[in-house]
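Just data38.pdb here, PDB, C-alpha atoms and all ligand atoms:
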```pdb
ATOM      1  CA  MET T1051     115.994  67.635 180.890  1.00  0.00           C
ATOM      2  CA  GLU T1052     119.140  69.041 182.493  1.00  0.00           C
ATOM      3  CA  ALA T1053     118.706  72.335 180.656  1.00  0.00           C
ATOM      4  CA  PHE T1054     115.102  72.533 181.835  1.00  0.00           C
ATOM      5  CA  VAL T1055     116.091  72.002 185.495  1.00  0.00           C
ATOM      6  CA  LEU T1056     118.958  74.500 185.155  1.00  0.00           C
ATOM      7  CA  THR T1057     116.578  77.061 183.666  1.00  0.00           C
ATOM      8  CA  LEU T1058     114.163  76.568 186.563  1.00  0.00           C
ATOM      9  CA  VAL T1059     116.952  76.895 189.158  1.00  0.00           C
ATOM     10  CA  ILE T1060     118.099  80.191 187.602  1.00  0.00           C
ATOM     11  CA  LEU T1061     114.779  81.586 186.363  1.00  0.00           C
ATOM     12  CA  CYS T1062     112.672  81.077 189.501  1.00  0.00           C
ATOM     13  CA  PRO T1063     114.939  83.025 191.913  1.00  0.00           C
ATOM     14  CA  LEU T1064     115.624  85.678 189.250  1.00  0.00           C
ATOM     15  CA  VAL T1065     111.932  86.414 188.678  1.00  0.00           C
ATOM     16  CA  GLY T1066     111.421  86.416 192.474  1.00  0.00           C
ATOM     17  CA  LEU T1067     114.280  88.902 192.801  1.00  0.00           C
ATOM     18  CA  LEU T1068     112.792  91.197 190.157  1.00  0.00           C
ATOM     19  CA  ILE T1069     109.340  91.103 191.757  1.00  0.00           C
ATOM     20  CA  GLY T1070     110.887  91.640 195.198  1.00  0.00           C
ATOM     21  CA  ARG T1071     112.952  94.584 194.004  1.00  0.00           C
ATOM     22  CA  SER T1072     109.825  96.567 193.170  1.00  0.00           C
ATOM     23  CA  ARG T1073     108.441  95.757 196.641  1.00  0.00           C
ATOM     24  CA  ASN T1074     111.696  96.566 198.513  1.00  0.00           C
ATOM     25  CA  CYS T1075     112.203  92.901 199.559  1.00  0.00           C
ATOM     26  CA  GLN T1076     114.552  91.501 196.900  1.00  0.00           C
ATOM     27  CA  ASN T1077     116.247  88.991 199.244  1.00  0.00           C
ATOM     28  CA  ALA T1078     112.910  87.497 200.290  1.00  0.00           C
ATOM     29  CA  GLY T1079     111.855  87.390 196.626  1.00  0.00           C
ATOM     30  CA  LEU T1080     115.062  85.584 195.673  1.00  0.00           C
ATOM     31  CA  LEU T1081     114.646  82.927 198.384  1.00  0.00           C
ATOM     32  CA  LEU T1082     110.884  82.499 197.873  1.00  0.00           C
ATOM     33  CA  GLY T1083     111.413  82.158 194.115  1.00  0.00           C
ATOM     34  CA  PHE T1084     114.172  79.607 194.650  1.00  0.00           C
ATOM     35  CA  PHE T1085     112.269  77.417 197.093  1.00  0.00           C
ATOM     36  CA  PHE T1086     108.656  77.796 195.921  1.00  0.00           C
ATOM     37  CA  GLY T1087     108.954  78.840 192.246  1.00  0.00           C
ATOM     38  CA  PRO T1088     105.846  80.567 190.851  1.00  0.00           C
ATOM     39  CA  LEU T1089     104.107  80.247 194.249  1.00  0.00           C
ATOM     40  CA  GLY T1090     107.025  82.219 195.733  1.00  0.00           C
ATOM     41  CA  TRP T1091     106.486  84.914 193.103  1.00  0.00           C
ATOM     42  CA  VAL T1092     102.878  85.295 194.228  1.00  0.00           C
ATOM     43  CA  ILE T1093     103.925  85.478 197.906  1.00  0.00           C
ATOM     44  CA  THR T1094     106.608  88.044 197.011  1.00  0.00           C
ATOM     45  CA  ALA T1095     104.076  90.149 195.103  1.00  0.00           C
ATOM     46  CA  LEU T1096     101.894  90.187 198.233  1.00  0.00           C
ATOM     47  CA  LEU T1097     104.795  91.392 200.411  1.00  0.00           C
ATOM     48  CA  ASP T1098     105.245  95.142 200.525  1.00  0.00           C
ATOM     49  CA  TYR T1099     108.167  96.667 202.417  1.00  0.00           C
ATOM     50  CA  ARG T1100     108.081  99.971 200.599  1.00  0.00           C
ATOM     51  CA  PRO T1101     108.341 102.958 202.949  1.00  0.00           C
ATOM     52  CA  HIS T1102     105.286 105.136 203.529  1.00  0.00           C
ATOM     53  CA  CYS T1103     105.107 108.848 204.221  1.00  0.00           C
ATOM     54  CA  PRO T1104     104.533 109.417 207.978  1.00  0.00           C
ATOM     55  CA  GLU T1105     102.072 112.235 207.188  1.00  0.00           C
ATOM     56  CA  CYS T1106      99.859 111.008 204.322  1.00  0.00           C
ATOM     57  CA  MET T1107     100.779 107.277 204.355  1.00  0.00           C
ATOM     58  CA  GLU T1108     101.400 107.217 200.577  1.00  0.00           C
ATOM     59  CA  VAL T1109     104.238 105.036 199.252  1.00  0.00           C
ATOM     60  CA  ILE T1110     107.494 106.978 198.891  1.00  0.00           C
ATOM     61  CA  ARG T1111     110.941 106.135 197.537  1.00  0.00           C
ATOM     62  CA  MET T1112     113.728 104.940 199.815  1.00  0.00           C
ATOM     63  CA  LYS T1113     115.770 107.902 201.087  1.00  0.00           C
ATOM     64  CA  ALA T1114     113.320 110.447 199.655  1.00  0.00           C
ATOM     65  CA  SER T1115     113.769 113.806 201.394  1.00  0.00           C
ATOM     66  CA  LEU T1116     110.410 115.206 200.290  1.00  0.00           C
ATOM     67  CA  CYS T1117     107.071 113.411 199.967  1.00  0.00           C
ATOM     68  CA  PRO T1118     105.851 113.805 196.353  1.00  0.00           C
ATOM     69  CA  HIS T1119     102.229 113.624 197.528  1.00  0.00           C
ATOM     70  CA  CYS T1120     101.953 116.034 200.464  1.00  0.00           C
ATOM     71  CA  LYS T1121     105.358 117.820 200.189  1.00  0.00           C
ATOM     72  CA  THR T1122     106.286 116.916 203.779  1.00  0.00           C
ATOM     73  CA  ARG T1123     110.029 117.045 204.496  1.00  0.00           C
ATOM     74  CA  ILE T1124     111.222 113.575 205.493  1.00  0.00           C
ATOM     75  CA  ARG T1125     114.154 112.594 207.665  1.00  0.00           C
ATOM     76  CA  TRP T1126     115.428 108.988 207.737  1.00  0.00           C
ATOM     77  CA  HIS T1127     116.217 107.450 211.103  1.00  0.00           C
ATOM     78  CA  LYS T1128     117.378 103.787 211.272  1.00  0.00           C
ATOM     79  CA  GLY T1129     115.860 103.070 207.847  1.00  0.00           C
ATOM     80  CA  LYS T1130     112.458 104.499 208.784  1.00  0.00           C
ATOM     81  CA  PRO T1131     110.985 107.782 207.525  1.00  0.00           C
ATOM     82  CA  THR T1132     110.042 110.435 210.069  1.00  0.00           C
ATOM     83  CA  VAL T1133     108.786 113.977 209.661  1.00  0.00           C
ATOM     84  CA  ALA T1134     111.722 116.369 209.602  1.00  0.00           C
ATOM     85  CA  PRO T1135     111.343 119.440 211.831  1.00  0.00           C
ATOM     86  CA  SER T1136     110.454 122.481 209.776  1.00  0.00           C
ATOM     87  CA  VAL T1137     113.287 124.902 209.119  1.00  0.00           C
ATOM     88  CA  GLU T1138     112.565 128.286 210.718  1.00  0.00           C
ATOM     89  CA  SER T1139     113.196 131.159 208.335  1.00  0.00           C
ATOM     90  CA  SER T1140     114.093 134.505 209.869  1.00  0.00           C
TER      91      SER T1140
HETATM   92 ZN    ZN L   1     103.156 112.507 202.282  1.00  0.00          ZN
END
```
Kindly present the structure from the file in structure tokens form.
Amino acid sequence: MEAFVLTLVILCPLVGLLIGRSRNCQNAGLLLGFFFGPLGWVITALLDYRPHCPECMEVIRMKASLCPHCKTRIRWHKGKPTVAPSVESS
């Protein structure tokens, strides 16, 4: 019985963390998994804090400098992606 409870206490937040990591909200996933178990996993899977390209609105990686979908140059300001001004070539 003790082992079962211990497994739940470790497993639930861990799975929440792993689900949250793919959605860019690992801390929320950890807490939701700890307090709500499998229900917290579902809530975490519904959360999505992944950054989106300001031009085409597709999901991009954190700190990406170039959108893989529309090739827009991206500048990061206070954790949010913005379109970088185009470099003038002379
Ligand atoms: Zn884009």
Check your understanding: Which one is closest to ligand ZN 1 (chain L): T:Ile1069, T:Met1112, T:Val1055, T:Cys1106? Count all atoms listed in the file.
Key -> T:Cys1106
Point to revise | Resolved residues for the PyMOL selection byres (((not hetatm)) within 6 of (chain L and resi 1)) as JSON, numbers by chain | key: {"T": [1103, 1105, 1106, 1108, 1117, 1119, 1120, 1122]}
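Take the candidates T:Met1107, T:Leu1116, T:Ile1124, T:Cys1062 and check each one against Leu1089 of chain T using only C-alpha atoms; the shortest distance goes to T:Cys1062.
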Review point. What is the distance, in Å and to one decimal place, between atom CA of Leu1058 of chain T and atom CA of Asn1074 of chain T?
Key: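 Straight-line distance from atom CA of Leu1058 of chain T to atom CA of Asn1074 of chain T works out to 23.4 Å.
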**Study point:** Residues within 9 Å of Gly1087 of chain T, all atoms listed in the file, excluding chain neighbours under 3 positions, as a ChimeraX atom specification
**Key:** /T:1058-1059,1061-1063,1065-1066,1082-1084,1090-1091
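If you look at atom CA of Arg1073 of chain T and atom CA of Tyr1099 of chain T, they are 5.9 Å away from each other.
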Review point. Which one is closest to Ala1095 of chain T: T:Ala1078, T:Ser1115, T:Val1133, T:Ile1060? Count all atoms listed in the file.
Key: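 Among T:Ala1078, T:Ser1115, T:Val1133, T:Ile1060, it is T:Ala1078 that comes nearest to Ala1095 of chain T.
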Exercise for review: Work out how far atom CA of Gly1070 of chain T is from atom CA of Ala1114 of chain T, in Å to one decimal.
Suggested key: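 Distance between the two atoms: 19.5 Å.
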Check your understanding: Which of these, T:Leu1097, T:Leu1080, T:Ala1134, T:Ile1110, has the shortest distance to Leu1068 of chain T once you count all atoms listed in the file?
Key -> T:Leu1080
Exercise for review: Would you please work out which residue, of T:Phe1085, T:Arg1100, T:Met1051, T:Pro1118, is nearest to Leu1064 of chain T when using all atoms listed in the file?
Suggested key: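 Among the listed residues, the smallest separation from Leu1064 of chain T belongs to T:Phe1085.
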**Study point:** Best match for closeness to Arg1111 of chain T among T:Val1092, T:Gly1079, T:Ser1072, T:Lys1128, counting only C-alpha atoms
**Key:**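 Answer, going by the shortest atom-to-atom distance: T:Ser1072.
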